[in-house]
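Report on the following structure.
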Amino acid sequence: DTGVSQDPRHKITKRGQNVTFRCDPISEHNRLYWYRQTLGQGPEFLTYFQNEAQLEKSRLLSDRFSAERPKGSFSTLEIQRTEQGDSAMYLCASSLVAGVPEAFFGQGTRLTVV
Amino acid sequence: QKEVEQNSGPLSVPEGAIASLNCTYSDRGSQSFFWYRQYSGKSPELIMFIYSNGDKEDGRFTAQLNKASQYVSLLIRDSQPSDSATYLCAVNSNSGYALNFGKGTSLLVTP
């Protein structure tokens, strides 16, 4: 499978715990994005990487959230001290640098904070 | 003001009819416009993009862009029950990297 891969697909955690999600983009894609989607809403942009550089962060990305892409390949999104409001689908997407930024999404990680 | 607006629906059309989905956006500087399809519980799937005024056709899908009026639409010809899904309109942000999504329009194609 050469698409965007996310792990885990589902995560249930207790409030206050830390969680980490992983995203492996399409291999030749230099751009990587994280989005969050809640029920009935469209995806909301969280952050963007070009290679290993984090170039843009949404104000939605509070100080409890951190994302890394250490070698310009896979990326991780960590949420510290989870809250019930963090329950959502976390989507990763990737695109090429050149041309129109057609972003292809992974299957997402569904987080439930109890 | 929401940057990308879509009617949430549901839009119901009979099988074989043309489904018309509309989207308006507020940022006149936007250059690229995307339509995604999302089945319940699944991730968004890119259908097509458009960046020039006019029409762009791909199979049963036609995207239409009118930058002066700040709207983009998606026509689905010969609608099939398998087209029943939520259709998300996305517009590139000021930075050019991130996409701003609408809430999506739910489409139901009835046999």
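Residue numbering restarts at 1 in every chain; chains get A, B, ... in the order shown in the structure tokens, and ligands count up from 1 in that same order.
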If you count only C-alpha atoms, which residues fall within 9 Å of Arg28 of chain B, apart from same-chain ones fewer than 3 positions away, as a ChimeraX atom specification? /B:25,31,67-68,70
Could the residues in this selection be saved with N, CA and C atoms as an mmCIF file, in the first residue's frame?
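What ended up in out-v4.cif:
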data_model
loop_
_atom_site.group_PDB
_atom_site.id
_atom_site.type_symbol
_atom_site.label_atom_id
_atom_site.label_comp_id
_atom_site.auth_asym_id
_atom_site.auth_seq_id
_atom_site.Cartn_x
_atom_site.Cartn_y
_atom_site.Cartn_z
ATOM 1 N N TYR B 25 -16.710 30.990 -0.771
ATOM 2 C CA TYR B 25 -15.529 31.235 0.051
ATOM 3 C C TYR B 25 -15.323 32.726 0.198
ATOM 4 N N GLN B 31 -6.474 30.451 -4.431
ATOM 5 C CA GLN B 31 -6.099 30.105 -5.798
ATOM 6 C C GLN B 31 -6.462 28.681 -6.189
ATOM 7 N N LYS B 67 -14.482 32.937 -9.807
ATOM 8 C CA LYS B 67 -13.733 33.705 -8.809
ATOM 9 C C LYS B 67 -14.374 35.061 -8.542
ATOM 10 N N ALA B 68 -14.999 35.650 -9.525
ATOM 11 C CA ALA B 68 -15.635 36.957 -9.319
ATOM 12 C C ALA B 68 -16.760 36.857 -8.299
ATOM 13 N N GLN B 70 -16.949 34.270 -6.201
ATOM 14 C CA GLN B 70 -16.380 33.510 -5.083
ATOM 15 C C GLN B 70 -17.190 32.265 -4.775
#
Nearby residues (only C-alpha atoms) at most 8 Å from segment 48-62 of chain B, same-chain spacing under 3 positions excluded, as a PyMOL selection string: (chain A and resi 102) or (chain B and resi 31-36+65-67+74-78)
Compute the chain B side of the contact with chain A at 12 Å, counting only C-alpha atoms, and hand it back as a count of residues only. 50
Can you pull out every residue from chain A that DSSP, working from the backbone, puts in strand (DSSP E), and format the result as an NGL selection string? :A and (5-7 or 10-13 or 19-24 or 31-37 or 44-50 or 53-57 or 65-68 or 75-79 or 88-95 or 104-105 or 109-113)
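Coordinates place atom CA of His29 of chain A at a distance of 9.8 Å from atom CA of Val4 of chain A.
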Quick one: residues within 8 Å of Ser73 of chain A, only C-alpha atoms counted, chain neighbours fewer than 3 positions away excluded, as a list of chain:residue names? A:Asp24, A:Pro25, A:Ser27, A:Asn30, A:Asn51, A:Glu52, A:Arg69, A:Pro70
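Our summary of the geometry notes that atom CA of Asp83 of chain B is positioned 10.9 Å from atom CA of Gly16 of chain B.
The two atoms in question, atom CA of Ser75 of chain A and atom CA of Cys23 of chain A, are spaced 5.2 Å apart.
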Judged by only C-alpha atoms, the minimum distance to Leu111 of chain A among A:Ser94, A:Gln80, A:Thr13, A:Ser66 is found for A:Thr13
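Taking only C-alpha atoms into account, Ala53 of chain A lies nearest to A:Glu68 out of the set A:Asp86, A:Glu68, A:Asp7, A:Glu28.
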